[in-house]
Amino acid sequence: MENMDRELIIRWEEVDPPKVLVRPWKATFENERNGTKDAMEIVLKSYLESDNFIISDYAAAEGLDTTKSTRPFQYLLCGISQADKDRLLECPVIASEQGTVVIAPFSQQMPPFLVSIEGTSCKNNDTGKAAILSAATKTLRGAVSIASWFEDVAGQGAFGDITENLDAKWQMANPETRIGVWNIYTNKMPQNILLADYLDLTAKLRTLTFRTTLNGNGKGARTFECKNCKSIDHPSSTCPFYDIRGWLGPTRDQPEQGNRSERPERSDERRGSWNRGRGRGGPRGGYANKPPSFRNRT
């Protein structure tokens with residue numbers, strides 16, 4: 001929500017729970033939003049079999065160029081029961097002929113992704129994974145300045161917890177050339193930090209060199225940005241949304257126009273933030289002309 005009005009987010013925090021965030025599939029800025037809200041209302045009424053809820057409006061951050069913003073805009077859904085909140089969070093993408101709605105928790109959630117490593121000869125097998133994990137662990141434990149900064153933000157021992165609980169996953173970066181990267185994850189990402197802090201952390205980690213014993217030196221790779229779910233650890237071509245039962249959107253073989261697997265950032269660049277305001281990770285998205293479908297109702 002870094003592209004939205006900070007004062008509005010603070011007021012949303014004061015709204016009594018249960019509450020969640022909702023958005024249409026593309027969720028670009030709209031001056032006239034009644035049609036979008038009406039469509040979301042129809043989808044949610046059908047799914048919840050109730051009209052006992054309120055969909056808020058949103059406001060852009062002061063000074064934001066809304067014609068260039070690529071981050072989705074969120075609506076607040078409140079006035080719901082705890083049972084309805086639980087149902088919505090169990091089904092984060094709901095689709096019908098009227099449109100597609102993406103649901104996310106209101107409270108911030110930090111992703112487990114840390115950094116992508118490119119440039120080594122570590123193969124996509126158990127030996128390669130062990131080698132890249134060893135290099136990542138040694139490199140992160142030696143990143144004293146980053147550790148000191150992060151523990152000032154997240155608390156004493158927070159960076160050590162991250163480095164003690166690493167995992168690695170091979171990610172195909174370019175299916176045509178078969179070039180890939182190793183993504184490094186942690187299962188101990190602190191949840192008491194802001195989105196701006198998380199993005200700062202990933203930007204700092206991309207500046208590191210990851211030295212292996214037998215497979216050369218790796219470096220932090222530029223992040224991806226999936227056109228479907230907005231995650232930064234994979235390209236659109238490997239998005240898990242394609243595997244959703246009933247998916248009606250672009251396919252791997254026929255992606256949405258402009259839906260390429262480019263990596264928009266340099267490894268030494270920081271992703272944008274909104275004055276260190278409260279943020280959130282997790283599923284992202286907006287409206288589509290041919291919406292996907294995720295139906296888990298019986």
# chains A, B, ... in the order shown; residues from 1 in each chain; ligands from 1
$ select_by_dssp --residues "range 25-246 of chain A" --states "strand (DSSP E or B)" --output "ChimeraX atom specification"
/A:54-55,60,75-78,93-96,99-105,113-118,166-174,179-186,209-211,217-220
$ residues_around --residues "Ser81 in chain A" --least-positions-apart "4" --cutoff "9 Å" --atoms "only C-alpha atoms" --output "list in words"
Pro17, Pro18, Lys19, Asn52, Phe53, Lys85 and Asp86 of chain A
$ closest_residue --among "A:Arg141, A:Lys188, A:Arg11, A:Arg222" --to "Arg206 in chain A" --atoms "only C-alpha atoms"
A:Arg222
$ atom_distance --atom1 "CA of Phe73 in chain A" --atom2 "CA of Gly220 in chain A"
29.5 Å
$ residues_around --residues "range 130-140 of chain A" --least-positions-apart "4" --cutoff "8 Å" --atoms "only C-alpha atoms" --output "PyMOL selection string"
chain A and resi 122+126+163-164+166-168+182+184+208-213+215
$ write_last_selection --atoms "N, CA, C and O atoms" --output "CSV table (one decimal), in the first residue's frame"
chain,number,residue,atom,x,y,z
A,122,CYS,N,26.5,-23.7,-9.8
A,122,CYS,CA,25.7,-24.7,-9.0
A,122,CYS,C,24.5,-25.2,-9.7
A,122,CYS,O,23.7,-24.4,-10.1
A,126,ASP,N,20.8,-31.7,-5.6
A,126,ASP,CA,21.0,-31.6,-4.2
A,126,ASP,C,22.4,-31.1,-3.9
A,126,ASP,O,22.6,-30.3,-2.9
A,163,THR,N,19.5,-16.1,9.2
A,163,THR,CA,20.6,-16.9,8.7
A,163,THR,C,20.6,-18.3,9.2
A,163,THR,O,21.3,-19.2,8.5
A,164,GLU,N,20.0,-18.6,10.3
A,164,GLU,CA,20.0,-19.9,10.8
A,164,GLU,C,18.9,-20.8,10.1
A,164,GLU,O,18.8,-22.0,10.4
A,166,LEU,N,17.7,-20.9,6.5
A,166,LEU,CA,17.7,-20.6,5.1
A,166,LEU,C,17.3,-21.8,4.3
A,166,LEU,O,17.5,-23.0,4.7
A,167,ASP,N,16.7,-21.6,3.2
A,167,ASP,CA,16.4,-22.6,2.2
A,167,ASP,C,16.7,-22.0,0.8
A,167,ASP,O,16.7,-20.8,0.6
A,168,ALA,N,16.9,-22.9,-0.2
A,168,ALA,CA,17.2,-22.4,-1.5
A,168,ALA,C,16.3,-23.2,-2.5
A,168,ALA,O,16.0,-24.3,-2.3
A,182,TRP,N,19.4,-19.0,-8.2
A,182,TRP,CA,19.1,-19.7,-6.9
A,182,TRP,C,18.4,-18.6,-6.0
A,182,TRP,O,19.0,-17.6,-5.7
A,184,ILE,N,17.0,-17.5,-2.4
A,184,ILE,CA,17.3,-17.8,-1.0
A,184,ILE,C,16.1,-17.3,-0.2
A,184,ILE,O,15.7,-16.2,-0.3
A,208,LEU,N,25.7,-8.0,-2.3
A,208,LEU,CA,26.7,-8.9,-1.7
A,208,LEU,C,27.3,-9.9,-2.8
A,208,LEU,O,26.6,-10.1,-3.8
A,209,THR,N,28.5,-10.4,-2.6
A,209,THR,CA,29.1,-11.4,-3.4
A,209,THR,C,29.0,-12.7,-2.6
A,209,THR,O,29.4,-12.8,-1.5
A,210,PHE,N,28.5,-13.8,-3.3
A,210,PHE,CA,28.4,-15.1,-2.6
A,210,PHE,C,29.4,-16.1,-3.2
A,210,PHE,O,29.3,-16.5,-4.3
A,211,ARG,N,30.4,-16.4,-2.4
A,211,ARG,CA,31.6,-17.1,-2.8
A,211,ARG,C,31.4,-18.6,-2.5
A,211,ARG,O,31.2,-19.0,-1.3
A,212,THR,N,31.5,-19.5,-3.5
A,212,THR,CA,31.4,-20.9,-3.3
A,212,THR,C,32.8,-21.5,-3.4
A,212,THR,O,33.8,-20.8,-3.8
A,213,THR,N,33.0,-22.7,-2.9
A,213,THR,CA,34.3,-23.4,-2.9
A,213,THR,C,34.7,-23.8,-4.3
A,213,THR,O,35.8,-23.7,-4.7
A,215,ASN,N,32.3,-23.7,-7.2
A,215,ASN,CA,31.4,-23.3,-8.3
A,215,ASN,C,31.4,-21.8,-8.6
A,215,ASN,O,30.5,-21.2,-9.2
$ residues_around --residues "Val144 in chain A" --least-positions-apart "5" --cutoff "12 Å" --atoms "only C-alpha atoms" --output "list in words"
Lys138, Thr139, Trp149, Phe150, Glu151, Phe159, Gly160, Lys204, Leu205 and Leu208 of chain A
$ closest_residue --among "A:Met172, A:Val115, A:Cys226, A:Leu44" --to "Ala203 in chain A" --atoms "only C-alpha atoms"
A:Val115
$ atom_distance --atom1 "CA of His234 in chain A" --atom2 "CA of Ser121 in chain A"
19.6 Å
$ closest_residue --among "A:Ala61, A:Leu88, A:Met4, A:Thr186" --to "Leu48 in chain A" --atoms "only C-alpha atoms"
A:Leu88
$ residues_around --residues "Cys239 in chain A" --least-positions-apart "6" --cutoff "10 Å" --atoms "only C-alpha atoms" --output "MDAnalysis selection string"
chainID A and resid 226:231 233 251:252
$ select_by_dssp --residues "range 102-279 of chain A" --states "alpha helix (DSSP H)" --output "compact mmCIF listing (two decimals) with all heavy atoms, in the first residue's frame"
# COMPACT_ATOMS: atom_id res chain seq x y z
N ASP A 126 20.75 -31.72 -5.62
CA ASP A 126 21.02 -31.63 -4.19
C ASP A 126 22.41 -31.09 -3.90
O ASP A 126 22.61 -30.32 -2.94
CB ASP A 126 20.87 -33.02 -3.54
CG ASP A 126 19.42 -33.48 -3.50
OD1 ASP A 126 18.53 -32.62 -3.67
OD2 ASP A 126 19.19 -34.70 -3.31
N THR A 127 23.40 -31.49 -4.72
CA THR A 127 24.76 -30.99 -4.52
C THR A 127 24.84 -29.49 -4.75
O THR A 127 25.45 -28.75 -3.98
CB THR A 127 25.73 -31.72 -5.46
OG1 THR A 127 25.69 -33.12 -5.20
CG2 THR A 127 27.16 -31.22 -5.25
N GLY A 128 24.20 -29.02 -5.84
CA GLY A 128 24.19 -27.60 -6.12
C GLY A 128 23.47 -26.80 -5.05
O GLY A 128 23.91 -25.71 -4.66
N LYS A 129 22.36 -27.35 -4.56
CA LYS A 129 21.62 -26.67 -3.50
C LYS A 129 22.45 -26.56 -2.22
O LYS A 129 22.48 -25.50 -1.58
CB LYS A 129 20.31 -27.42 -3.21
CG LYS A 129 19.47 -26.78 -2.11
CD LYS A 129 18.15 -27.52 -1.93
CE LYS A 129 17.32 -26.89 -0.83
NZ LYS A 129 16.00 -27.56 -0.67
N ALA A 130 23.12 -27.63 -1.86
CA ALA A 130 23.97 -27.61 -0.66
C ALA A 130 25.09 -26.58 -0.80
O ALA A 130 25.40 -25.85 0.15
CB ALA A 130 24.54 -28.99 -0.40
N ALA A 131 25.67 -26.48 -1.99
CA ALA A 131 26.77 -25.54 -2.21
C ALA A 131 26.28 -24.10 -2.12
O ALA A 131 26.93 -23.24 -1.51
CB ALA A 131 27.41 -25.80 -3.57
N ILE A 132 25.12 -23.80 -2.71
CA ILE A 132 24.63 -22.43 -2.70
C ILE A 132 24.15 -22.04 -1.31
O ILE A 132 24.31 -20.89 -0.87
CB ILE A 132 23.52 -22.23 -3.76
CG1 ILE A 132 23.46 -20.75 -4.18
CG2 ILE A 132 22.18 -22.69 -3.26
CD1 ILE A 132 24.64 -20.28 -4.97
N LEU A 133 23.57 -23.00 -0.57
CA LEU A 133 23.16 -22.70 0.80
C LEU A 133 24.36 -22.43 1.70
O LEU A 133 24.32 -21.54 2.55
CB LEU A 133 22.33 -23.86 1.37
CG LEU A 133 20.85 -23.87 1.03
CD1 LEU A 133 20.19 -25.14 1.56
CD2 LEU A 133 20.16 -22.64 1.62
N SER A 134 25.43 -23.18 1.49
CA SER A 134 26.65 -22.94 2.26
C SER A 134 27.20 -21.55 1.98
O SER A 134 27.57 -20.82 2.91
CB SER A 134 27.70 -24.00 1.93
OG SER A 134 28.92 -23.74 2.58
N ALA A 135 27.25 -21.18 0.70
CA ALA A 135 27.75 -19.85 0.35
C ALA A 135 26.86 -18.76 0.89
O ALA A 135 27.34 -17.73 1.40
CB ALA A 135 27.86 -19.75 -1.17
N ALA A 136 25.54 -18.95 0.79
CA ALA A 136 24.61 -17.93 1.28
C ALA A 136 24.73 -17.77 2.79
O ALA A 136 24.73 -16.64 3.31
CB ALA A 136 23.18 -18.31 0.90
N THR A 137 24.82 -18.88 3.50
CA THR A 137 24.92 -18.81 4.96
C THR A 137 26.19 -18.09 5.39
O THR A 137 26.17 -17.19 6.25
CB THR A 137 24.89 -20.23 5.56
OG1 THR A 137 23.66 -20.87 5.20
CG2 THR A 137 25.00 -20.18 7.07
N LYS A 138 27.33 -18.46 4.79
CA LYS A 138 28.60 -17.81 5.15
C LYS A 138 28.58 -16.32 4.80
O LYS A 138 29.06 -15.49 5.58
CB LYS A 138 29.75 -18.51 4.43
CG LYS A 138 30.03 -19.92 4.92
CD LYS A 138 31.14 -20.57 4.12
CE LYS A 138 31.40 -22.00 4.58
NZ LYS A 138 32.45 -22.67 3.76
N THR A 139 28.03 -15.99 3.66
CA THR A 139 28.02 -14.60 3.23
C THR A 139 27.14 -13.75 4.14
O THR A 139 27.52 -12.65 4.56
CB THR A 139 27.52 -14.48 1.78
OG1 THR A 139 28.40 -15.24 0.93
CG2 THR A 139 27.49 -13.05 1.32
N LEU A 140 25.96 -14.25 4.45
CA LEU A 140 25.05 -13.47 5.30
C LEU A 140 25.60 -13.32 6.72
O LEU A 140 25.48 -12.26 7.33
CB LEU A 140 23.67 -14.12 5.33
CG LEU A 140 22.89 -14.12 4.00
CD1 LEU A 140 21.50 -14.71 4.19
CD2 LEU A 140 22.79 -12.72 3.42
N ARG A 141 26.20 -14.38 7.23
CA ARG A 141 26.78 -14.29 8.58
C ARG A 141 27.95 -13.31 8.61
O ARG A 141 28.25 -12.74 9.67
CB ARG A 141 27.23 -15.67 9.04
CG ARG A 141 26.07 -16.59 9.38
CD ARG A 141 26.56 -17.97 9.79
NE ARG A 141 25.45 -18.85 10.14
CZ ARG A 141 25.57 -20.13 10.45
NH1 ARG A 141 26.78 -20.69 10.45
NH2 ARG A 141 24.51 -20.85 10.75
N VAL A 144 28.30 -7.99 8.39
CA VAL A 144 28.18 -7.38 9.72
C VAL A 144 27.40 -6.06 9.67
O VAL A 144 26.55 -5.80 10.53
CB VAL A 144 29.58 -7.15 10.32
CG1 VAL A 144 29.47 -6.46 11.67
CG2 VAL A 144 30.32 -8.48 10.45
N SER A 145 27.68 -5.23 8.68
CA SER A 145 27.01 -3.93 8.63
C SER A 145 25.52 -4.08 8.37
O SER A 145 24.70 -3.37 8.96
CB SER A 145 27.64 -3.04 7.56
OG SER A 145 27.52 -3.63 6.27
N ILE A 146 25.15 -5.03 7.50
CA ILE A 146 23.73 -5.27 7.23
C ILE A 146 23.06 -5.84 8.48
O ILE A 146 21.95 -5.44 8.84
CB ILE A 146 23.56 -6.23 6.04
CG1 ILE A 146 24.10 -5.59 4.77
CG2 ILE A 146 22.09 -6.60 5.86
CD1 ILE A 146 24.02 -6.49 3.53
N ALA A 147 23.74 -6.75 9.16
CA ALA A 147 23.19 -7.34 10.38
C ALA A 147 22.94 -6.27 11.44
O ALA A 147 21.89 -6.25 12.09
CB ALA A 147 24.12 -8.42 10.91
N SER A 148 23.92 -5.38 11.62
CA SER A 148 23.78 -4.32 12.61
C SER A 148 22.60 -3.41 12.30
O SER A 148 21.80 -3.07 13.17
CB SER A 148 25.08 -3.50 12.67
OG SER A 148 24.95 -2.43 13.58
N TRP A 149 22.50 -3.03 11.02
CA TRP A 149 21.37 -2.17 10.61
C TRP A 149 20.04 -2.88 10.83
O TRP A 149 19.10 -2.30 11.39
CB TRP A 149 21.51 -1.80 9.13
CG TRP A 149 20.24 -1.30 8.54
CD1 TRP A 149 19.70 -0.06 8.66
CD2 TRP A 149 19.29 -2.08 7.78
NE1 TRP A 149 18.49 0.01 8.02
CE2 TRP A 149 18.21 -1.21 7.47
CE3 TRP A 149 19.25 -3.39 7.33
CZ2 TRP A 149 17.11 -1.65 6.73
CZ3 TRP A 149 18.16 -3.82 6.61
CH2 TRP A 149 17.11 -2.95 6.31
N PHE A 150 19.95 -4.14 10.41
CA PHE A 150 18.67 -4.85 10.49
C PHE A 150 18.25 -5.09 11.93
O PHE A 150 17.05 -5.01 12.26
CB PHE A 150 18.76 -6.18 9.74
CG PHE A 150 17.43 -6.85 9.56
CD1 PHE A 150 16.48 -6.33 8.69
CD2 PHE A 150 17.11 -8.00 10.28
CE1 PHE A 150 15.24 -6.95 8.53
CE2 PHE A 150 15.88 -8.62 10.12
CZ PHE A 150 14.95 -8.09 9.25
N GLU A 151 19.18 -5.37 12.81
CA GLU A 151 18.82 -5.61 14.20
C GLU A 151 18.43 -4.33 14.91
O GLU A 151 17.69 -4.37 15.89
CB GLU A 151 19.95 -6.35 14.91
CG GLU A 151 20.18 -7.74 14.31
CD GLU A 151 21.02 -8.66 15.15
OE1 GLU A 151 21.55 -8.20 16.19
OE2 GLU A 151 21.12 -9.85 14.79
N ASP A 152 18.89 -3.19 14.43
CA ASP A 152 18.37 -1.91 14.93
C ASP A 152 16.90 -1.74 14.56
O ASP A 152 16.12 -1.12 15.28
CB ASP A 152 19.18 -0.74 14.35
CG ASP A 152 20.53 -0.57 15.02
OD1 ASP A 152 20.72 -1.13 16.12
OD2 ASP A 152 21.39 0.11 14.43
N VAL A 153 16.54 -2.32 13.41
CA VAL A 153 15.16 -2.21 12.91
C VAL A 153 14.25 -3.26 13.53
O VAL A 153 13.16 -2.95 14.00
CB VAL A 153 15.13 -2.34 11.37
CG1 VAL A 153 13.71 -2.45 10.85
CG2 VAL A 153 15.85 -1.16 10.72
N ALA A 154 14.72 -4.53 13.52
CA ALA A 154 13.84 -5.65 13.87
C ALA A 154 14.07 -6.21 15.27
O ALA A 154 13.28 -7.03 15.73
CB ALA A 154 14.01 -6.77 12.84
N ALA A 158 17.58 -10.72 15.35
CA ALA A 158 16.67 -10.95 14.21
C ALA A 158 17.43 -11.41 12.97
O ALA A 158 16.97 -12.32 12.26
CB ALA A 158 15.89 -9.68 13.91
N PHE A 159 18.58 -10.81 12.70
CA PHE A 159 19.34 -11.21 11.50
C PHE A 159 19.95 -12.59 11.68
O PHE A 159 20.00 -13.38 10.74
CB PHE A 159 20.42 -10.18 11.20
CG PHE A 159 20.99 -10.30 9.81
CD1 PHE A 159 20.29 -9.81 8.72
CD2 PHE A 159 22.23 -10.89 9.59
CE1 PHE A 159 20.80 -9.93 7.43
CE2 PHE A 159 22.75 -11.00 8.31
CZ PHE A 159 22.02 -10.52 7.22
N GLY A 160 20.37 -12.89 12.89
CA GLY A 160 20.89 -14.22 13.16
C GLY A 160 19.84 -15.29 12.97
O GLY A 160 20.13 -16.37 12.44
N ASP A 161 18.60 -15.00 13.36
CA ASP A 161 17.51 -15.95 13.15
C ASP A 161 17.31 -16.22 11.66
O ASP A 161 17.05 -17.35 11.25
CB ASP A 161 16.21 -15.41 13.76
CG ASP A 161 16.22 -15.44 15.27
OD1 ASP A 161 17.04 -16.17 15.84
OD2 ASP A 161 15.40 -14.72 15.88
N ILE A 162 17.40 -15.16 10.85
CA ILE A 162 17.24 -15.32 9.40
C ILE A 162 18.28 -16.27 8.85
O ILE A 162 17.98 -17.18 8.07
CB ILE A 162 17.33 -13.95 8.70
CG1 ILE A 162 16.05 -13.14 8.94
CG2 ILE A 162 17.57 -14.12 7.20
CD1 ILE A 162 16.09 -11.75 8.34
N THR A 163 19.54 -16.08 9.23
CA THR A 163 20.63 -16.88 8.65
C THR A 163 20.65 -18.32 9.16
O THR A 163 21.26 -19.18 8.52
CB THR A 163 21.99 -16.22 8.95
OG1 THR A 163 22.20 -16.19 10.37
CG2 THR A 163 22.03 -14.79 8.42
N GLU A 164 19.99 -18.59 10.26
CA GLU A 164 19.96 -19.94 10.79
C GLU A 164 18.87 -20.79 10.14
O GLU A 164 18.81 -22.00 10.37
CB GLU A 164 19.72 -19.91 12.31
CG GLU A 164 20.89 -19.35 13.12
CD GLU A 164 22.11 -20.26 13.07
OE1 GLU A 164 21.93 -21.49 12.88
OE2 GLU A 164 23.23 -19.75 13.21
N LEU A 195 7.15 -2.69 5.39
CA LEU A 195 7.48 -3.08 4.02
C LEU A 195 8.73 -2.35 3.54
O LEU A 195 9.58 -2.93 2.87
CB LEU A 195 6.31 -2.78 3.09
CG LEU A 195 6.54 -3.09 1.60
CD1 LEU A 195 6.84 -4.56 1.39
CD2 LEU A 195 5.34 -2.65 0.78
N ALA A 196 8.86 -1.07 3.91
CA ALA A 196 10.05 -0.32 3.52
C ALA A 196 11.32 -0.96 4.07
O ALA A 196 12.36 -0.99 3.40
CB ALA A 196 9.94 1.13 4.00
N ASP A 197 11.25 -1.48 5.31
CA ASP A 197 12.41 -2.16 5.90
C ASP A 197 12.74 -3.44 5.14
O ASP A 197 13.91 -3.73 4.88
CB ASP A 197 12.13 -2.50 7.37
CG ASP A 197 11.85 -1.28 8.21
OD1 ASP A 197 12.48 -0.23 7.97
OD2 ASP A 197 10.99 -1.36 9.11
N TYR A 198 11.71 -4.19 4.78
CA TYR A 198 11.93 -5.43 4.03
C TYR A 198 12.57 -5.13 2.67
O TYR A 198 13.52 -5.81 2.26
CB TYR A 198 10.61 -6.17 3.83
CG TYR A 198 10.70 -7.31 2.85
CD1 TYR A 198 11.33 -8.50 3.21
CD2 TYR A 198 10.20 -7.19 1.56
CE1 TYR A 198 11.45 -9.55 2.29
CE2 TYR A 198 10.31 -8.23 0.64
CZ TYR A 198 10.94 -9.41 1.02
OH TYR A 198 11.06 -10.42 0.11
N LEU A 199 12.08 -4.12 1.99
CA LEU A 199 12.64 -3.78 0.67
C LEU A 199 14.07 -3.26 0.81
O LEU A 199 14.91 -3.53 -0.04
CB LEU A 199 11.75 -2.74 -0.01
CG LEU A 199 10.33 -3.21 -0.34
CD1 LEU A 199 9.51 -2.07 -0.94
CD2 LEU A 199 10.35 -4.41 -1.28
N ASP A 200 14.35 -2.52 1.87
CA ASP A 200 15.72 -2.09 2.14
C ASP A 200 16.63 -3.30 2.33
O ASP A 200 17.75 -3.34 1.83
CB ASP A 200 15.78 -1.21 3.39
CG ASP A 200 15.41 0.23 3.10
OD1 ASP A 200 15.40 0.63 1.92
OD2 ASP A 200 15.12 0.97 4.06
N LEU A 201 16.14 -4.29 3.10
CA LEU A 201 16.94 -5.49 3.36
C LEU A 201 17.27 -6.21 2.06
O LEU A 201 18.43 -6.55 1.81
CB LEU A 201 16.18 -6.42 4.30
CG LEU A 201 16.84 -7.79 4.54
CD1 LEU A 201 18.19 -7.64 5.23
CD2 LEU A 201 15.91 -8.70 5.35
N THR A 202 16.28 -6.46 1.22
CA THR A 202 16.54 -7.17 -0.03
C THR A 202 17.47 -6.39 -0.95
O THR A 202 18.30 -6.97 -1.65
CB THR A 202 15.22 -7.50 -0.76
OG1 THR A 202 14.51 -6.28 -1.03
CG2 THR A 202 14.35 -8.42 0.08
N ALA A 203 17.35 -5.06 -0.93
CA ALA A 203 18.25 -4.24 -1.75
C ALA A 203 19.69 -4.35 -1.26
O ALA A 203 20.63 -4.45 -2.07
CB ALA A 203 17.80 -2.78 -1.73
N LYS A 204 19.90 -4.35 0.04
CA LYS A 204 21.24 -4.48 0.60
C LYS A 204 21.83 -5.86 0.30
O LYS A 204 23.02 -5.99 -0.02
CB LYS A 204 21.21 -4.23 2.12
CG LYS A 204 20.89 -2.80 2.51
CD LYS A 204 20.79 -2.66 4.02
CE LYS A 204 20.33 -1.26 4.42
NZ LYS A 204 21.34 -0.23 4.12
N LEU A 205 21.01 -6.90 0.38
CA LEU A 205 21.51 -8.25 0.11
C LEU A 205 21.92 -8.43 -1.34
O LEU A 205 22.82 -9.22 -1.65
CB LEU A 205 20.45 -9.29 0.49
CG LEU A 205 20.06 -9.36 1.98
CD1 LEU A 205 19.03 -10.45 2.21
CD2 LEU A 205 21.29 -9.57 2.86
$ atom_distance --atom1 "CA of Ala104 in chain A" --atom2 "CA of Val22 in chain A"
6.4 Å
$ closest_residue --among "A:Ser46, A:Arg33, A:Leu77, A:Thr67" --to "Asp16 in chain A" --atoms "only C-alpha atoms"
A:Leu77
$ closest_residue --among "A:Glu14, A:Asp51, A:Asp65, A:Asp84" --to "Phe29 in chain A" --atoms "only C-alpha atoms"
A:Asp65
